[in-house]
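Asks: Sharing work-v8.cif here; it has mmCIF, C-alpha atoms.
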data_coords
#
loop_
_atom_site.group_PDB
_atom_site.id
_atom_site.type_symbol
_atom_site.label_atom_id
_atom_site.label_comp_id
_atom_site.auth_asym_id
_atom_site.auth_seq_id
_atom_site.Cartn_x
_atom_site.Cartn_y
_atom_site.Cartn_z
ATOM 1 C CA MET A 19 -47.859 18.350 -34.689
ATOM 2 C CA LEU A 20 -44.571 19.136 -36.377
ATOM 3 C CA GLY A 21 -43.240 20.660 -33.141
ATOM 4 C CA VAL A 22 -44.282 17.612 -31.147
ATOM 5 C CA ASN A 23 -42.545 15.214 -33.568
ATOM 6 C CA THR A 24 -39.424 17.307 -33.467
ATOM 7 C CA ARG A 25 -39.381 17.149 -29.655
ATOM 8 C CA ILE A 26 -39.866 13.364 -29.779
ATOM 9 C CA LEU A 27 -37.007 12.928 -32.239
ATOM 10 C CA ASN A 28 -34.746 15.197 -30.206
ATOM 11 C CA ARG A 29 -35.538 13.232 -27.064
ATOM 12 C CA ARG A 30 -34.769 9.931 -28.847
ATOM 13 C CA ASN A 31 -31.435 11.314 -30.054
ATOM 14 C CA TRP A 32 -30.618 12.538 -26.534
ATOM 15 C CA LEU A 33 -31.421 9.117 -25.079
ATOM 16 C CA ARG A 34 -29.227 7.373 -27.652
ATOM 17 C CA SER A 35 -26.269 9.678 -26.995
ATOM 18 C CA THR A 36 -26.686 9.404 -23.231
ATOM 19 C CA ALA A 37 -26.845 5.601 -23.404
ATOM 20 C CA ALA A 38 -23.742 5.556 -25.570
ATOM 21 C CA GLY A 39 -21.949 7.807 -23.119
ATOM 22 C CA LEU A 40 -22.916 5.658 -20.174
ATOM 23 C CA SER A 41 -21.851 2.535 -22.019
ATOM 24 C CA LEU A 42 -18.471 4.089 -22.840
ATOM 25 C CA ALA A 43 -18.045 5.225 -19.240
ATOM 26 C CA GLY A 44 -18.786 1.694 -18.088
ATOM 27 C CA LEU A 45 -16.157 0.329 -20.424
ATOM 28 C CA THR A 46 -13.433 2.841 -19.544
ATOM 29 C CA SER A 47 -13.977 3.008 -15.786
ATOM 30 C CA GLY A 48 -12.582 -0.468 -15.296
ATOM 31 C CA VAL A 49 -9.625 -0.073 -17.648
ATOM 32 C CA GLU A 50 -6.281 -0.391 -15.876
ATOM 33 C CA GLY A 51 -4.426 2.894 -15.932
ATOM 34 C CA ALA A 52 -7.578 5.014 -16.379
ATOM 35 C CA ASN A 53 -7.102 8.384 -14.674
ATOM 36 C CA GLY A 54 -9.132 9.466 -11.683
ATOM 37 C CA PRO A 55 -8.931 11.621 -8.547
ATOM 38 C CA PHE A 56 -6.713 10.465 -5.671
ATOM 39 C CA ARG A 57 -9.228 9.319 -3.089
ATOM 40 C CA HIS A 58 -7.317 7.015 -0.749
ATOM 41 C CA PRO A 59 -7.676 7.886 2.945
ATOM 42 C CA LEU A 60 -4.884 10.203 4.026
ATOM 43 C CA GLY A 61 -3.103 10.139 7.367
ATOM 44 C CA VAL A 62 -0.693 12.309 9.318
ATOM 45 C CA GLN A 63 2.544 11.226 10.937
ATOM 46 C CA LEU A 64 2.289 13.058 14.263
ATOM 47 C CA TYR A 65 6.037 13.768 14.274
ATOM 48 C CA THR A 66 5.043 16.686 12.033
ATOM 49 C CA VAL A 67 3.213 18.390 14.923
ATOM 50 C CA ARG A 68 5.539 17.309 17.731
ATOM 51 C CA ASN A 69 6.292 20.910 18.740
ATOM 52 C CA VAL A 70 2.653 21.948 19.127
ATOM 53 C CA ILE A 71 0.605 18.905 20.089
ATOM 54 C CA GLY A 72 2.002 18.742 23.618
ATOM 55 C CA LYS A 73 0.701 22.256 24.303
ATOM 56 C CA ALA A 74 -2.659 21.824 22.607
ATOM 57 C CA GLU A 75 -3.613 18.213 22.010
ATOM 58 C CA ASP A 76 -7.324 18.772 21.493
ATOM 59 C CA GLU A 77 -6.923 21.792 19.213
ATOM 60 C CA THR A 78 -4.190 20.185 17.113
ATOM 61 C CA LEU A 79 -6.123 16.975 16.499
ATOM 62 C CA ARG A 80 -9.334 18.896 15.833
ATOM 63 C CA ARG A 81 -7.589 20.969 13.154
ATOM 64 C CA ILE A 82 -6.057 17.858 11.564
ATOM 65 C CA ALA A 83 -9.494 16.253 11.356
ATOM 66 C CA GLU A 84 -11.086 19.413 9.975
ATOM 67 C CA ILE A 85 -8.579 19.433 7.121
ATOM 68 C CA GLY A 86 -9.910 16.023 6.083
ATOM 69 C CA TYR A 87 -7.302 13.581 7.392
ATOM 70 C CA THR A 88 -8.788 10.393 8.812
ATOM 71 C CA GLU A 89 -5.756 8.290 9.811
ATOM 72 C CA LEU A 90 -2.762 8.790 12.069
ATOM 73 C CA GLU A 91 0.677 7.372 12.600
ATOM 74 C CA THR A 92 1.887 8.023 16.128
ATOM 75 C CA THR A 93 5.413 8.246 17.474
ATOM 76 C CA GLY A 94 7.160 6.671 20.431
ATOM 77 C CA ARG A 95 6.661 9.873 22.398
ATOM 78 C CA ASP A 96 2.868 9.889 21.944
ATOM 79 C CA ASN A 97 0.912 8.426 24.852
ATOM 80 C CA LEU A 98 -1.822 6.340 23.250
ATOM 81 C CA ASP A 99 -3.730 5.940 26.496
ATOM 82 C CA THR A 100 -3.964 9.735 26.830
ATOM 83 C CA LEU A 101 -4.672 10.528 23.200
ATOM 84 C CA ALA A 102 -7.123 7.699 22.427
ATOM 85 C CA PRO A 103 -10.232 9.597 23.635
ATOM 86 C CA LEU A 104 -9.314 12.518 21.367
ATOM 87 C CA PHE A 105 -8.732 10.193 18.423
ATOM 88 C CA GLU A 106 -12.228 8.838 18.943
ATOM 89 C CA LYS A 107 -13.685 12.317 19.432
ATOM 90 C CA TYR A 108 -12.365 13.500 16.070
ATOM 91 C CA LYS A 109 -12.751 10.166 14.235
ATOM 92 C CA LEU A 110 -9.012 9.812 13.651
ATOM 93 C CA LYS A 111 -7.885 6.198 13.358
ATOM 94 C CA PRO A 112 -4.402 5.345 14.731
ATOM 95 C CA VAL A 113 -3.259 2.927 12.036
ATOM 96 C CA SER A 114 0.470 2.754 12.719
ATOM 97 C CA THR A 115 2.979 3.514 15.479
ATOM 98 C CA HIS A 116 6.676 4.310 15.301
ATOM 99 C CA MET A 117 8.181 2.409 18.190
ATOM 100 C CA ASP A 118 11.284 3.279 20.183
ATOM 101 C CA ALA A 119 14.208 1.720 18.294
ATOM 102 C CA ALA A 120 15.733 0.587 21.580
ATOM 103 C CA LEU A 121 12.913 -1.942 21.921
ATOM 104 C CA ILE A 122 14.749 -3.805 19.142
ATOM 105 C CA THR A 123 18.383 -2.823 19.636
ATOM 106 C CA GLY A 124 18.301 -2.843 23.446
ATOM 107 C CA LYS A 125 20.437 0.321 23.503
ATOM 108 C CA TRP A 126 18.546 2.529 25.926
ATOM 109 C CA PRO A 127 20.146 5.850 26.919
ATOM 110 C CA ASP A 128 19.916 5.085 30.645
ATOM 111 C CA GLU A 129 19.661 2.182 33.052
ATOM 112 C CA LYS A 130 16.146 2.745 34.349
ATOM 113 C CA PRO A 131 13.482 0.086 33.658
ATOM 114 C CA HIS A 132 12.028 0.253 30.155
ATOM 115 C CA PRO A 133 9.054 -1.447 28.488
ATOM 116 C CA SER A 134 9.548 -4.646 26.561
ATOM 117 C CA LEU A 135 8.527 -5.278 22.964
ATOM 118 C CA ALA A 136 5.754 -7.533 24.262
ATOM 119 C CA GLN A 137 4.365 -4.647 26.330
ATOM 120 C CA ALA A 138 4.557 -2.287 23.343
ATOM 121 C CA ILE A 139 2.676 -4.801 21.214
ATOM 122 C CA GLU A 140 0.007 -5.148 23.895
ATOM 123 C CA THR A 141 -0.429 -1.359 24.096
ATOM 124 C CA VAL A 142 -0.830 -0.736 20.370
ATOM 125 C CA LYS A 143 -3.185 -3.696 19.983
ATOM 126 C CA LYS A 144 -5.374 -2.284 22.739
ATOM 127 C CA HIS A 145 -5.842 0.856 20.676
ATOM 128 C CA GLY A 146 -6.497 -0.866 17.371
ATOM 129 C CA VAL A 147 -3.154 -0.054 15.768
ATOM 130 C CA GLN A 148 -2.371 -2.401 12.864
ATOM 131 C CA TYR A 149 1.293 -1.617 12.161
ATOM 132 C CA LEU A 150 4.352 -1.322 14.386
ATOM 133 C CA VAL A 151 7.326 0.390 12.747
ATOM 134 C CA PHE A 152 11.069 0.452 13.448
ATOM 135 C CA PRO A 153 11.624 4.157 12.754
ATOM 136 C CA TYR A 154 15.313 5.027 12.820
ATOM 137 C CA LEU A 155 18.768 3.680 13.535
ATOM 138 C CA PRO A 156 20.861 6.406 15.222
ATOM 139 C CA PRO A 157 24.233 7.202 13.572
ATOM 140 C CA PRO A 158 26.334 5.805 16.460
ATOM 141 C CA GLU A 159 24.657 2.428 15.954
ATOM 142 C CA ARG A 160 25.331 2.223 12.220
ATOM 143 C CA GLY A 161 28.208 -0.036 11.375
ATOM 144 C CA ASP A 162 29.443 -2.505 8.810
ATOM 145 C CA ALA A 163 27.627 -5.156 6.799
ATOM 146 C CA GLU A 164 27.808 -7.654 9.641
ATOM 147 C CA GLY A 165 26.172 -5.142 11.963
ATOM 148 C CA TYR A 166 23.281 -4.704 9.573
ATOM 149 C CA ARG A 167 22.904 -8.478 9.263
ATOM 150 C CA LYS A 168 22.630 -8.745 13.035
ATOM 151 C CA LEU A 169 20.067 -5.940 13.075
ATOM 152 C CA ALA A 170 18.100 -7.727 10.354
ATOM 153 C CA ASP A 171 18.002 -10.836 12.546
ATOM 154 C CA LYS A 172 16.627 -8.766 15.430
ATOM 155 C CA LEU A 173 14.045 -7.223 13.119
ATOM 156 C CA ASN A 174 12.983 -10.691 12.005
ATOM 157 C CA GLU A 175 12.444 -11.705 15.622
ATOM 158 C CA ALA A 176 10.424 -8.564 16.277
ATOM 159 C CA GLY A 177 8.424 -9.317 13.154
ATOM 160 C CA ARG A 178 7.759 -12.814 14.411
ATOM 161 C CA GLN A 179 6.368 -11.469 17.690
ATOM 162 C CA CYS A 180 4.233 -8.898 15.885
ATOM 163 C CA HIS A 181 2.947 -11.489 13.424
ATOM 164 C CA ALA A 182 1.990 -13.815 16.280
ATOM 165 C CA ALA A 183 0.008 -10.933 17.800
ATOM 166 C CA GLY A 184 -1.798 -10.193 14.547
ATOM 167 C CA LEU A 185 0.206 -7.054 13.759
ATOM 168 C CA THR A 186 2.344 -6.112 10.753
ATOM 169 C CA PHE A 187 5.928 -5.041 11.426
ATOM 170 C CA CYS A 188 7.707 -2.567 9.130
ATOM 171 C CA TYR A 189 11.109 -0.939 8.705
ATOM 172 C CA HIS A 190 11.155 2.805 7.904
ATOM 173 C CA ASN A 191 14.026 4.046 5.769
ATOM 174 C CA HIS A 192 16.124 7.187 5.685
ATOM 175 C CA ALA A 193 18.915 7.947 3.184
ATOM 176 C CA PHE A 194 21.850 6.143 4.826
ATOM 177 C CA GLU A 195 20.502 2.711 3.876
ATOM 178 C CA PHE A 196 21.142 3.527 0.197
ATOM 179 C CA ALA A 197 24.832 4.438 0.574
ATOM 180 C CA GLY A 198 27.510 2.219 -0.952
ATOM 181 C CA ALA A 199 27.859 -0.107 -3.898
ATOM 182 C CA ARG A 200 24.717 -1.863 -5.088
ATOM 183 C CA GLY A 201 24.415 -5.276 -3.550
ATOM 184 C CA GLN A 202 26.349 -4.183 -0.472
ATOM 185 C CA ARG A 203 24.232 -1.290 0.768
ATOM 186 C CA PRO A 204 22.333 -1.629 4.074
ATOM 187 C CA ILE A 205 19.065 -1.627 2.118
ATOM 188 C CA ASP A 206 20.309 -4.555 0.012
ATOM 189 C CA ILE A 207 21.185 -6.506 3.144
ATOM 190 C CA PHE A 208 17.726 -5.808 4.563
ATOM 191 C CA HIS A 209 16.018 -6.681 1.297
ATOM 192 C CA GLU A 210 17.786 -10.030 1.195
ATOM 193 C CA ARG A 211 17.890 -10.960 4.862
ATOM 194 C CA LEU A 212 14.554 -9.744 6.186
ATOM 195 C CA ASP A 213 11.872 -12.420 6.116
ATOM 196 C CA LYS A 214 9.193 -11.313 3.637
ATOM 197 C CA LYS A 215 6.515 -12.952 5.755
ATOM 198 C CA LEU A 216 7.558 -11.120 8.923
ATOM 199 C CA VAL A 217 9.008 -7.710 8.023
ATOM 200 C CA ASN A 218 7.636 -5.186 5.547
ATOM 201 C CA PHE A 219 8.776 -1.666 4.691
ATOM 202 C CA GLU A 220 7.468 1.819 5.201
ATOM 203 C CA LEU A 221 9.007 3.755 2.321
ATOM 204 C CA ASP A 222 9.866 7.380 2.985
ATOM 205 C CA LEU A 223 10.131 8.780 -0.524
ATOM 206 C CA PHE A 224 11.723 12.046 0.580
ATOM 207 C CA TRP A 225 14.764 10.192 1.900
ATOM 208 C CA VAL A 226 14.787 7.899 -1.134
ATOM 209 C CA SER A 227 15.082 11.017 -3.299
ATOM 210 C CA VAL A 228 17.691 12.634 -1.020
ATOM 211 C CA ALA A 229 19.816 9.525 -1.617
ATOM 212 C CA GLY A 230 19.587 10.176 -5.360
ATOM 213 C CA LEU A 231 17.150 7.393 -6.277
ATOM 214 C CA ASP A 232 13.925 7.513 -8.243
ATOM 215 C CA PRO A 233 10.978 7.008 -5.846
ATOM 216 C CA VAL A 234 8.867 5.443 -8.607
ATOM 217 C CA GLN A 235 11.503 2.799 -9.327
ATOM 218 C CA VAL A 236 11.974 2.045 -5.621
ATOM 219 C CA LEU A 237 8.220 1.539 -5.257
ATOM 220 C CA LYS A 238 8.377 -0.931 -8.135
ATOM 221 C CA ASP A 239 11.375 -2.690 -6.555
ATOM 222 C CA TYR A 240 9.430 -3.143 -3.304
ATOM 223 C CA LYS A 241 6.127 -4.157 -4.853
ATOM 224 C CA GLY A 242 4.097 -6.116 -2.336
ATOM 225 C CA ARG A 243 6.519 -5.325 0.517
ATOM 226 C CA ALA A 244 5.661 -1.716 1.362
ATOM 227 C CA PRO A 245 2.135 -1.297 2.753
ATOM 228 C CA LEU A 246 2.974 2.096 4.294
ATOM 229 C CA LEU A 247 4.173 5.271 2.567
ATOM 230 C CA HIS A 248 5.471 8.633 3.803
ATOM 231 C CA LEU A 249 4.573 11.548 1.568
ATOM 232 C CA LYS A 250 6.653 14.724 1.730
ATOM 233 C CA ASP A 251 8.302 16.841 -0.909
ATOM 234 C CA LYS A 252 11.921 17.864 -1.501
ATOM 235 C CA LEU A 253 13.340 21.233 -2.468
ATOM 236 C CA ALA A 254 14.398 21.346 -6.115
ATOM 237 C CA GLY A 255 18.175 21.251 -6.493
ATOM 238 C CA ALA A 256 18.836 19.722 -3.057
ATOM 239 C CA PRO A 257 22.142 17.806 -3.095
ATOM 240 C CA VAL A 258 22.385 14.023 -2.930
ATOM 241 C CA GLN A 259 23.503 12.889 0.518
ATOM 242 C CA PHE A 260 23.324 9.844 2.762
ATOM 243 C CA ASP A 261 22.723 11.343 6.193
ATOM 244 C CA GLU A 262 19.937 13.331 7.829
ATOM 245 C CA LYS A 263 21.803 16.647 7.951
ATOM 246 C CA VAL A 264 19.653 18.400 5.387
ATOM 247 C CA SER A 265 18.620 22.039 5.616
ATOM 248 C CA LYS A 266 15.221 22.924 7.071
ATOM 249 C CA GLU A 267 14.148 24.290 3.688
ATOM 250 C CA THR A 268 14.767 20.917 2.022
ATOM 251 C CA PHE A 269 11.492 19.699 3.538
ATOM 252 C CA GLN A 270 8.590 20.974 1.436
ATOM 253 C CA GLU A 271 4.825 20.606 1.502
ATOM 254 C CA VAL A 272 3.602 17.944 -0.917
ATOM 255 C CA GLY A 273 3.322 19.507 -4.359
ATOM 256 C CA SER A 274 5.701 22.360 -3.548
ATOM 257 C CA GLY A 275 8.960 20.647 -4.394
ATOM 258 C CA SER A 276 10.603 18.465 -7.005
ATOM 259 C CA LEU A 277 8.971 15.042 -6.584
ATOM 260 C CA ASN A 278 6.583 13.767 -9.255
ATOM 261 C CA PHE A 279 3.602 12.843 -7.111
ATOM 262 C CA PRO A 280 1.185 11.847 -9.879
ATOM 263 C CA ALA A 281 3.716 9.220 -11.004
ATOM 264 C CA ILE A 282 4.561 8.281 -7.409
ATOM 265 C CA LEU A 283 0.943 7.729 -6.398
ATOM 266 C CA LYS A 284 0.204 5.732 -9.523
ATOM 267 C CA ALA A 285 3.220 3.505 -8.790
ATOM 268 C CA ALA A 286 2.181 3.236 -5.121
ATOM 269 C CA GLU A 287 -1.242 1.934 -6.097
ATOM 270 C CA SER A 288 0.313 -0.657 -8.406
ATOM 271 C CA SER A 289 2.829 -1.649 -5.720
ATOM 272 C CA GLY A 290 0.216 -2.405 -3.081
ATOM 273 C CA VAL A 291 0.555 0.577 -0.737
ATOM 274 C CA LYS A 292 -2.318 0.538 1.751
ATOM 275 C CA HIS A 293 -1.799 3.648 3.900
ATOM 276 C CA TYR A 294 -0.486 7.101 2.994
ATOM 277 C CA PHE A 295 0.907 9.372 5.728
ATOM 278 C CA VAL A 296 1.857 12.985 5.137
ATOM 279 C CA GLU A 297 4.931 13.949 7.122
ATOM 280 C CA GLN A 298 7.013 17.110 7.119
ATOM 281 C CA ASP A 299 9.948 17.015 9.512
ATOM 282 C CA GLN A 300 10.465 20.784 9.353
ATOM 283 C CA THR A 301 7.920 23.444 8.386
ATOM 284 C CA PRO A 302 8.305 27.185 7.719
ATOM 285 C CA GLY A 303 5.544 28.063 10.178
ATOM 286 C CA ASP A 304 2.513 26.378 11.727
ATOM 287 C CA PRO A 305 2.894 22.656 10.916
ATOM 288 C CA VAL A 306 -0.877 22.201 10.675
ATOM 289 C CA ASP A 307 -0.986 24.868 7.966
ATOM 290 C CA SER A 308 1.647 22.877 6.066
ATOM 291 C CA LEU A 309 -0.433 19.710 6.484
ATOM 292 C CA ALA A 310 -3.430 21.551 5.049
ATOM 293 C CA LYS A 311 -1.423 22.673 2.027
ATOM 294 C CA SER A 312 -0.243 19.116 1.350
ATOM 295 C CA TYR A 313 -3.784 17.775 1.735
ATOM 296 C CA ARG A 314 -5.267 20.271 -0.717
ATOM 297 C CA TYR A 315 -2.645 19.376 -3.311
ATOM 298 C CA LEU A 316 -3.147 15.623 -2.935
ATOM 299 C CA ARG A 317 -6.931 15.869 -3.098
ATOM 300 C CA GLY A 318 -6.637 17.910 -6.262
ATOM 301 C CA LEU A 319 -4.534 15.331 -8.072
ATOM 302 C CA THR A 320 -5.620 13.069 -10.883
ATOM 303 C CA VAL A 321 -3.534 9.890 -11.046
#
When written as structure tokens, how does the structure in this file appear?

Replies:
Amino acid sequence: MLGVNTRILNRRNWLRSTAAGLSLAGLTSGVEGANGPFRHPLGVQLYTVRNVIGKAEDETLRRIAEIGYTELETTGRDNLDTLAPLFEKYKLKPVSTHMDAALITGKWPDEKPHPSLAQAIETVKKHGVQYLVFPYLPPPERGDAEGYRKLADKLNEAGRQCHAAGLTFCYHNHAFEFAGARGQRPIDIFHERLDKKLVNFELDLFWVSVAGLDPVQVLKDYKGRAPLLHLKDKLAGAPVQFDEKVSKETFQEVGSGSLNFPAILKAAESSGVKHYFVEQDQTPGDPVDSLAKSYRYLRGLTV
């Protein structure tokens, strides 16, 4: 009888401690700032695999899916009509597309007929893409403050057309936008002149860091205006510069460089980022291997 009573008492104690633990877990799980694993869906910007996907579309997309990525951001060179069946086959959702900048600027390299913005919008909508992104302003087209104001007006018009079609239009940064005195930089002109209801931002935190800024602070500055994020790491000790002429080694797999990704991802969540795309412009070897390394690091993080 003594043994039975002891077992009953031990069971009651275990139940009390378990209930207390569950109660505490219930209280802490909803506390703002509580740590947890990074579990947002992760995507790939297909520019990363531009040198291999054309030779092996099926294999490249299969490997990306097998890593665990579920979303994609395509480029202007990717043919959505051709790739769509493979996206469906491997359950990869094309969330965003980097458009050809000339659709906005009108500065095509030749005189042959080119698609209009309306046609581009129709194409991405057909494939379920939610975001259309202005990706890059070539150096010859970068000018003075007035030039950036005119570009901002064109971006607003593009945003209006996208908004009318049910899409979200974004501007993707590099480092040049952060050059100059504060208040007069291209990014300041865009921040002030772009219509918040029509044009959002896709923040590329690598280029933010190359320009010498703190990615966490920039995420806070653009709270509510940056639904898309590019994740890639930067070599420790890389110099501050305001152009794209960085060494190949400056581009690192996420978690292999100098950026503080736990702090970045925590700030991104607070700032309203909706989609996270891993991108690595240059890789030391197979770009899909680099994507796998970045994925493993991100999935192992607690933020």

Asks: Would you translate the PyMOL selection byres ((chain A and resi 226) around 10) into the concrete set of residues it matches in this file, as a short mmCIF file (atom, residue, chain, number, x, y, z; two decimals) with C-alpha atoms, in the frame of the given file?

Replies:
data_model
loop_
_atom_site.label_atom_id
_atom_site.label_comp_id
_atom_site.auth_asym_id
_atom_site.auth_seq_id
_atom_site.Cartn_x
_atom_site.Cartn_y
_atom_site.Cartn_z
CA ASN A 191 14.03 4.05 5.77
CA HIS A 192 16.12 7.19 5.68
CA ALA A 193 18.92 7.95 3.18
CA PHE A 194 21.85 6.14 4.83
CA GLU A 195 20.50 2.71 3.88
CA PHE A 196 21.14 3.53 0.20
CA LEU A 221 9.01 3.76 2.32
CA ASP A 222 9.87 7.38 2.98
CA LEU A 223 10.13 8.78 -0.52
CA PHE A 224 11.72 12.05 0.58
CA TRP A 225 14.76 10.19 1.90
CA SER A 227 15.08 11.02 -3.30
CA VAL A 228 17.69 12.63 -1.02
CA ALA A 229 19.82 9.52 -1.62
CA GLY A 230 19.59 10.18 -5.36
CA LEU A 231 17.15 7.39 -6.28
CA ASP A 232 13.92 7.51 -8.24
CA PRO A 233 10.98 7.01 -5.85
CA VAL A 234 8.87 5.44 -8.61
CA VAL A 236 11.97 2.04 -5.62
CA VAL A 258 22.38 14.02 -2.93
CA PHE A 260 23.32 9.84 2.76
#

Asks: Dump as a tab-separated table the rows for residues of segment 72-191 of chain A within 12 Å of segment 284-300 of chain A: closest atom pair and distance in Å with one decimal, only C-alpha atoms counted, ordered by chain and rising residue number.

Replies:
residue	atom	partner	partner_atom	distance
A:Ile82	CA	A:Val296	CA	11.3
A:Tyr87	CA	A:Phe295	CA	9.4
A:Thr88	CA	A:Phe295	CA	10.2
A:Glu89	CA	A:Phe295	CA	7.9
A:Leu90	CA	A:Phe295	CA	7.3
A:Glu91	CA	A:Phe295	CA	7.2
A:Thr92	CA	A:Phe295	CA	10.5
A:Thr93	CA	A:Glu297	CA	11.8
A:Lys111	CA	A:His293	CA	11.5
A:Pro112	CA	A:Phe295	CA	11.2
A:Val113	CA	A:His293	CA	8.3
A:Ser114	CA	A:His293	CA	9.1
A:Thr115	CA	A:Phe295	CA	11.6
A:Gln148	CA	A:His293	CA	10.8
A:Tyr149	CA	A:His293	CA	10.3

Asks: Please write as a PyMOL selection string the full residue list that the PyMOL selection byres ((chain A and resi 267) around 9) yields on this file.

Replies: chain A and resi 252-253+264-266+268-270+300-302

Asks: Env of Asp251 of chain A: 7 Å cut, atoms = all atoms listed in the file, seq-sep filter 3 positions within chain, self excluded. Answer as a list in words.

Replies: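 Returned residues: Phe224, Phe269, Gln270, Glu271, Val272, Gly273, Ser274, Gly275, Ser276 and Leu277 of chain A.
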
Asks: So how far away is atom CA of Gln202 of chain A from atom CA of Gly161 of chain A, in Å?

Replies: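 Interatomic distance here is 12.7 Å.
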